>>> print(open('target36.pdb').read())   # PDB, C-alpha atoms
ATOM      1  CA  MET A1129      26.053 -22.864 -53.745  1.00  0.00           C
ATOM      2  CA  ALA A1130      24.823 -25.385 -51.242  1.00  0.00           C
ATOM      3  CA  CYS A1131      24.548 -24.515 -47.569  1.00  0.00           C
ATOM      4  CA  GLY A1132      25.007 -27.320 -45.112  1.00  0.00           C
ATOM      5  CA  SER A1133      23.617 -28.167 -41.715  1.00  0.00           C
ATOM      6  CA  THR A1134      26.769 -29.307 -39.907  1.00  0.00           C
ATOM      7  CA  SER A1135      27.378 -27.072 -36.889  1.00  0.00           C
ATOM      8  CA  LEU A1136      30.517 -24.960 -37.276  1.00  0.00           C
ATOM      9  CA  TRP A1137      30.353 -22.144 -34.699  1.00  0.00           C
ATOM     10  CA  ALA A1138      28.113 -19.846 -32.653  1.00  0.00           C
ATOM     11  CA  GLY A1139      28.593 -16.218 -31.737  1.00  0.00           C
ATOM     12  CA  GLU A1140      27.652 -12.692 -32.681  1.00  0.00           C
ATOM     13  CA  THR A1141      27.374 -11.255 -36.144  1.00  0.00           C
ATOM     14  CA  SER A1142      27.340  -7.638 -37.213  1.00  0.00           C
ATOM     15  CA  TRP A1143      27.236  -6.050 -40.668  1.00  0.00           C
ATOM     16  CA  PHE A1144      29.792  -4.220 -42.797  1.00  0.00           C
ATOM     17  CA  CYS A1145      30.073  -2.550 -46.191  1.00  0.00           C
ATOM     18  CA  CYS A1146      32.139  -3.800 -49.105  1.00  0.00           C
ATOM     19  CA  GLY A1147      32.111  -3.496 -52.882  1.00  0.00           C
ATOM     20  CA  SER A1148      29.967  -1.002 -54.753  1.00  0.00           C
ATOM     21  CA  ALA A1149      27.410   1.277 -53.111  1.00  0.00           C
ATOM     22  CA  TRP A1150      24.181  -0.403 -51.977  1.00  0.00           C
ATOM     23  CA  GLY A1151      21.608   0.427 -49.315  1.00  0.00           C
ATOM     24  CA  PRO A1152      23.365   2.059 -46.363  1.00  0.00           C
ATOM     25  CA  CYS A1153      26.799   1.628 -47.949  1.00  0.00           C
ATOM     26  CA  GLY A1154      28.819   4.093 -49.931  1.00  0.00           C
ATOM     27  CA  SER A1155      31.672   3.118 -52.169  1.00  0.00           C
ATOM     28  CA  ALA A1156      33.907   0.532 -50.525  1.00  0.00           C
ATOM     29  CA  GLY A1157      36.549  -1.971 -51.582  1.00  0.00           C
ATOM     30  CA  GLY A1158      36.085  -5.520 -52.776  1.00  0.00           C
ATOM     31  CA  GLY A1159      37.259  -7.157 -49.559  1.00  0.00           C
ATOM     32  CA  ALA A1160      40.192  -9.481 -48.970  1.00  0.00           C
ATOM     33  CA  CYS A1161      38.988 -11.868 -51.671  1.00  0.00           C
ATOM     34  CA  GLY A1162      38.403  -9.072 -54.197  1.00  0.00           C
ATOM     35  CA  ASN A1163      34.773  -9.956 -54.961  1.00  0.00           C
ATOM     36  CA  CYS A1164      32.823  -8.787 -51.894  1.00  0.00           C
ATOM     37  CA  ARG A1165      29.561  -6.955 -52.702  1.00  0.00           C
ATOM     38  CA  SER A1166      27.282  -5.295 -50.156  1.00  0.00           C
ATOM     39  CA  SER A1167      24.264  -6.261 -52.265  1.00  0.00           C
ATOM     40  CA  ALA A1168      25.117  -9.990 -52.188  1.00  0.00           C
ATOM     41  CA  ASN A1169      24.901 -12.575 -49.406  1.00  0.00           C
ATOM     42  CA  HIS A1170      28.552 -12.338 -48.478  1.00  0.00           C
ATOM     43  CA  GLY A1171      30.438 -12.465 -45.202  1.00  0.00           C
ATOM     44  CA  ALA A1172      33.777 -11.897 -43.503  1.00  0.00           C
ATOM     45  CA  TRP A1173      35.376 -14.676 -41.440  1.00  0.00           C
ATOM     46  CA  PRO A1174      38.202 -14.080 -38.906  1.00  0.00           C
ATOM     47  CA  ASN A1175      40.226 -17.091 -40.057  1.00  0.00           C
ATOM     48  CA  ALA A1176      39.990 -16.745 -43.829  1.00  0.00           C
ATOM     49  CA  SER A1177      43.823 -16.893 -44.030  1.00  0.00           C
ATOM     50  CA  GLN A1178      46.883 -16.660 -41.782  1.00  0.00           C
ATOM     51  CA  ALA A1179      47.152 -12.928 -42.535  1.00  0.00           C
ATOM     52  CA  CYS A1180      43.510 -12.508 -41.553  1.00  0.00           C
ATOM     53  CA  TRP A1181      44.017 -14.461 -38.320  1.00  0.00           C
ATOM     54  CA  ASP A1182      46.957 -12.223 -37.438  1.00  0.00           C
ATOM     55  CA  ILE A1183      44.682  -9.167 -37.728  1.00  0.00           C
ATOM     56  CA  THR A1184      41.512 -10.505 -36.091  1.00  0.00           C
ATOM     57  CA  ARG A1185      43.074 -12.670 -33.334  1.00  0.00           C
ATOM     58  CA  PRO A1186      39.909 -14.469 -32.170  1.00  0.00           C
ATOM     59  CA  ASP A1187      42.151 -16.645 -29.985  1.00  0.00           C
ATOM     60  CA  LEU A1188      42.618 -13.656 -27.666  1.00  0.00           C
ATOM     61  CA  CYS A1189      38.901 -14.009 -26.854  1.00  0.00           C
ATOM     62  CA  GLY A1190      39.129 -17.770 -26.351  1.00  0.00           C
ATOM     63  CA  GLU A1191      37.831 -18.560 -29.857  1.00  0.00           C
ATOM     64  CA  ASN A1192      39.716 -21.224 -31.832  1.00  0.00           C
ATOM     65  CA  ILE A1193      37.825 -20.602 -35.060  1.00  0.00           C
ATOM     66  CA  PRO A1194      38.587 -23.041 -37.900  1.00  0.00           C
ATOM     67  CA  ARG A1195      40.133 -21.847 -41.170  1.00  0.00           C
ATOM     68  CA  ARG A1196      37.584 -21.261 -43.937  1.00  0.00           C
ATOM     69  CA  GLY A1197      38.913 -19.307 -46.903  1.00  0.00           C
ATOM     70  CA  CYS A1198      37.568 -17.272 -49.779  1.00  0.00           C
ATOM     71  CA  GLY A1199      34.600 -19.010 -51.367  1.00  0.00           C
ATOM     72  CA  ALA A1200      33.621 -21.050 -48.299  1.00  0.00           C
ATOM     73  CA  VAL A1201      29.855 -21.355 -47.941  1.00  0.00           C
ATOM     74  CA  MET A1202      28.094 -21.008 -44.594  1.00  0.00           C
ATOM     75  CA  ASN A1203      24.515 -21.091 -43.413  1.00  0.00           C
ATOM     76  CA  VAL A1204      23.833 -18.447 -40.753  1.00  0.00           C
ATOM     77  CA  ARG A1205      20.783 -18.828 -38.492  1.00  0.00           C
ATOM     78  CA  HIS A1206      19.451 -16.142 -36.167  1.00  0.00           C
ATOM     79  CA  GLN A1207      19.382 -17.778 -32.730  1.00  0.00           C
ATOM     80  CA  CYS A1208      15.950 -16.386 -31.811  1.00  0.00           C
ATOM     81  CA  SER A1209      13.876 -16.017 -34.962  1.00  0.00           C
ATOM     82  CA  GLY A1210      15.321 -19.040 -36.770  1.00  0.00           C
ATOM     83  CA  ALA A1211      15.710 -16.983 -39.964  1.00  0.00           C
ATOM     84  CA  THR A1212      18.593 -18.254 -42.114  1.00  0.00           C
ATOM     85  CA  VAL A1213      20.776 -16.963 -44.916  1.00  0.00           C
ATOM     86  CA  CYS A1214      23.340 -18.800 -47.022  1.00  0.00           C
ATOM     87  CA  ILE A1215      26.530 -16.751 -47.459  1.00  0.00           C
ATOM     88  CA  THR A1216      29.873 -16.962 -49.227  1.00  0.00           C
ATOM     89  CA  ILE A1217      33.040 -15.824 -47.453  1.00  0.00           C
ATOM     90  CA  THR A1218      34.526 -12.946 -49.451  1.00  0.00           C
ATOM     91  CA  ASP A1219      36.437 -10.969 -46.816  1.00  0.00           C
ATOM     92  CA  CYS A1220      38.484 -11.088 -43.632  1.00  0.00           C
ATOM     93  CA  GLY A1221      36.951  -9.977 -40.346  1.00  0.00           C
ATOM     94  CA  PRO A1222      35.656  -9.005 -37.931  1.00  0.00           C
ATOM     95  CA  ARG A1223      38.456  -7.921 -35.616  1.00  0.00           C
ATOM     96  CA  THR A1224      37.240 -10.307 -32.930  1.00  0.00           C
ATOM     97  CA  LYS A1225      39.955  -9.189 -30.481  1.00  0.00           C
ATOM     98  CA  GLU A1226      38.291  -5.749 -30.312  1.00  0.00           C
ATOM     99  CA  TRP A1227      34.949  -7.227 -29.211  1.00  0.00           C
ATOM    100  CA  CYS A1228      36.017  -9.770 -26.551  1.00  0.00           C
ATOM    101  CA  GLY A1229      33.222 -10.446 -24.111  1.00  0.00           C
ATOM    102  CA  GLU A1230      30.620  -8.457 -26.030  1.00  0.00           C
ATOM    103  CA  ALA A1231      27.275 -10.257 -25.766  1.00  0.00           C
ATOM    104  CA  THR A1232      24.051 -10.191 -27.757  1.00  0.00           C
ATOM    105  CA  CYS A1233      21.027 -11.855 -26.193  1.00  0.00           C
ATOM    106  CA  CYS A1234      17.448 -12.773 -26.983  1.00  0.00           C
ATOM    107  CA  ASN A1235      14.934 -14.884 -25.095  1.00  0.00           C
ATOM    108  CA  GLY A1236      17.441 -15.218 -22.250  1.00  0.00           C
ATOM    109  CA  ALA A1237      20.116 -16.883 -24.380  1.00  0.00           C
ATOM    110  CA  CYS A1238      23.301 -15.003 -25.248  1.00  0.00           C
ATOM    111  CA  ARG A1239      26.154 -15.339 -27.734  1.00  0.00           C
ATOM    112  CA  THR A1240      29.496 -13.698 -27.064  1.00  0.00           C
ATOM    113  CA  ASN A1241      32.355 -12.466 -29.232  1.00  0.00           C
ATOM    114  CA  ARG A1242      31.850 -11.115 -32.731  1.00  0.00           C
ATOM    115  CA  VAL A1243      32.887 -13.969 -35.027  1.00  0.00           C
ATOM    116  CA  LEU A1244      31.233 -13.053 -38.318  1.00  0.00           C
ATOM    117  CA  ASP A1245      30.436  -9.950 -40.340  1.00  0.00           C
ATOM    118  CA  LEU A1246      27.661 -10.020 -42.934  1.00  0.00           C
ATOM    119  CA  THR A1247      26.990  -7.682 -45.815  1.00  0.00           C
ATOM    120  CA  PRO A1248      23.849  -5.551 -45.452  1.00  0.00           C
ATOM    121  CA  ALA A1249      22.016  -7.848 -47.893  1.00  0.00           C
ATOM    122  CA  ALA A1250      22.832 -10.968 -45.858  1.00  0.00           C
ATOM    123  CA  PHE A1251      22.208  -9.316 -42.479  1.00  0.00           C
ATOM    124  CA  SER A1252      18.848  -7.963 -43.678  1.00  0.00           C
ATOM    125  CA  ALA A1253      17.791 -11.492 -44.608  1.00  0.00           C
ATOM    126  CA  ILE A1254      17.856 -12.543 -40.934  1.00  0.00           C
ATOM    127  CA  GLY A1255      17.408  -9.300 -38.977  1.00  0.00           C
ATOM    128  CA  SER A1256      17.110  -5.534 -39.019  1.00  0.00           C
ATOM    129  CA  LEU A1257      20.200  -3.485 -39.840  1.00  0.00           C
ATOM    130  CA  SER A1258      19.212  -1.127 -37.021  1.00  0.00           C
ATOM    131  CA  SER A1259      19.822  -3.894 -34.466  1.00  0.00           C
ATOM    132  CA  GLY A1260      23.531  -3.794 -35.339  1.00  0.00           C
ATOM    133  CA  LYS A1261      24.320  -7.253 -33.953  1.00  0.00           C
ATOM    134  CA  LEU A1262      22.618 -10.607 -33.811  1.00  0.00           C
ATOM    135  CA  PRO A1263      23.266 -13.876 -31.945  1.00  0.00           C
ATOM    136  CA  VAL A1264      23.747 -16.616 -34.545  1.00  0.00           C
ATOM    137  CA  TYR A1265      24.566 -20.249 -35.189  1.00  0.00           C
ATOM    138  CA  ILE A1266      26.843 -20.934 -38.149  1.00  0.00           C
ATOM    139  CA  TYR A1267      26.680 -24.143 -40.205  1.00  0.00           C
ATOM    140  CA  GLU A1268      28.575 -25.522 -43.189  1.00  0.00           C
TER     141      GLU A1268
END
>>> encode(input="target36.pdb", output="structure tokens")
Amino acid sequence: MACGSTSLWAGETSWFCCGSAWGPCGSAGGGACGNCRSSANHGAWPNASQACWDITRPDLCGENIPRRGCGAVMNVRHQCSGATVCITITDCGPRTKEWCGEATCCNGACRTNRVLDLTPAAFSAIGSLSSGKLPVYIYE
């Protein structure tokens, strides 16, 4: 898996559980792609498919997020610390329409709208699970 450096998007990320139990997660499903694991550097993207888009509706928050399906690779960088993690898209989410206008800030710079969910393993690589959300830049 090779993570790129071409800017794709910016926004908020949170974390979610999928696959077998790991860390703070109990037993959960394998995600929309069937291979999501909480212990791996995986993520959920709101435009992984048309069905996903219909559920997440990022356009209702003014986000015209490009389609990136199962297996797409992204590099996620914490806006403030610069910490990065390379992830593979293995699920659909987050439900961006439910978080319109939500903002996460650091050092006076903010990102709005939840546009990416990371597994606990991936989120922990760039921030503390207890923070819940992080402002990020996303590259491919």
>>> closest_residue(input="target36.pdb", among="A:Cys1220, A:Ala1130, A:Cys1146, A:Ala1231", to="Val1264 in chain A", atoms="all atoms listed in the file")
A:Ala1231
>>> resolve_selection(input="target36.pdb", expression="the PyMOL selection byres ((chain A and resi 1201-1208) around 7)", output="VMD selection string")
chain A and resid 1131 to 1132 1199 to 1200 1209 to 1217 1234 to 1235 1254 1262 to 1268
>>> residues_around(input="target36.pdb", residues="Ala1250 in chain A", least_positions_apart="4", cutoff="7 Å", atoms="all atoms listed in the file", output="PDB file with C-alpha atoms, in the coordinates of the input")
ATOM      1  CA  ALA A1168      25.117  -9.990 -52.188  1.00  0.00           C
ATOM      2  CA  ASN A1169      24.901 -12.575 -49.406  1.00  0.00           C
ATOM      3  CA  HIS A1170      28.552 -12.338 -48.478  1.00  0.00           C
ATOM      4  CA  VAL A1213      20.776 -16.963 -44.916  1.00  0.00           C
ATOM      5  CA  LEU A1246      27.661 -10.020 -42.934  1.00  0.00           C
TER       6      LEU A1246
END
>>> residues_around(input="target36.pdb", residues="Leu1244 in chain A", least_positions_apart="6", cutoff="9 Å", atoms="all atoms listed in the file", output="PyMOL selection string")
chain A and resi 1139-1143+1171-1174+1221-1222+1224
>>> resolve_selection(input="target36.pdb", expression="the PyMOL selection byres ((chain A and resi 1195) around 6)", output="PDB file with C-alpha atoms, in the coordinates of the input")
ATOM      1  CA  ASN A1175      40.226 -17.091 -40.057  1.00  0.00           C
ATOM      2  CA  ALA A1176      39.990 -16.745 -43.829  1.00  0.00           C
ATOM      3  CA  PRO A1194      38.587 -23.041 -37.900  1.00  0.00           C
ATOM      4  CA  ARG A1196      37.584 -21.261 -43.937  1.00  0.00           C
TER       5      ARG A1196
END
>>> closest_residue(input="target36.pdb", among="A:Gly1260, A:Pro1152, A:Gly1197, A:Gly1190", to="Asn1241 in chain A", atoms="only C-alpha atoms")
A:Gly1190
>>> closest_residue(input="target36.pdb", among="A:Ile1193, A:Ala1237, A:Cys1228, A:Ala1249", to="Gln1178 in chain A", atoms="only C-alpha atoms")
A:Ile1193
>>> resolve_selection(input="target36.pdb", expression="the PyMOL selection byres ((chain A and resi 1159-1165) around 6)", output="list in words")
Cys1146, Gly1147, Gly1157, Gly1158, Ser1166, Ser1167, Ala1168, Cys1198, Thr1218, Asp1219 and Cys1220 of chain A
>>> closest_residue(input="target36.pdb", among="A:Val1243, A:Cys1238, A:Cys1233, A:Leu1257", to="Trp1181 in chain A", atoms="all atoms listed in the file")
A:Val1243
>>> atom_distance(input="target36.pdb", atom1="CA of Ser1133 in chain A", atom2="CA of Asp1245 in chain A")
19.5 Å
>>> atom_distance(input="target36.pdb", atom1="CA of Asp1182 in chain A", atom2="CA of Ala1138 in chain A")
20.9 Å
>>> closest_residue(input="target36.pdb", among="A:Asn1192, A:Gly1229, A:Gly1255, A:Pro1248", to="Trp1137 in chain A", atoms="all atoms listed in the file")
A:Asn1192
>>> atom_distance(input="target36.pdb", atom1="CA of Thr1240 in chain A", atom2="CA of Asp1187 in chain A")
13.3 Å
>>> closest_residue(input="target36.pdb", among="A:Arg1239, A:Pro1186, A:Phe1251, A:Glu1191", to="Arg1223 in chain A", atoms="all atoms listed in the file")
A:Pro1186
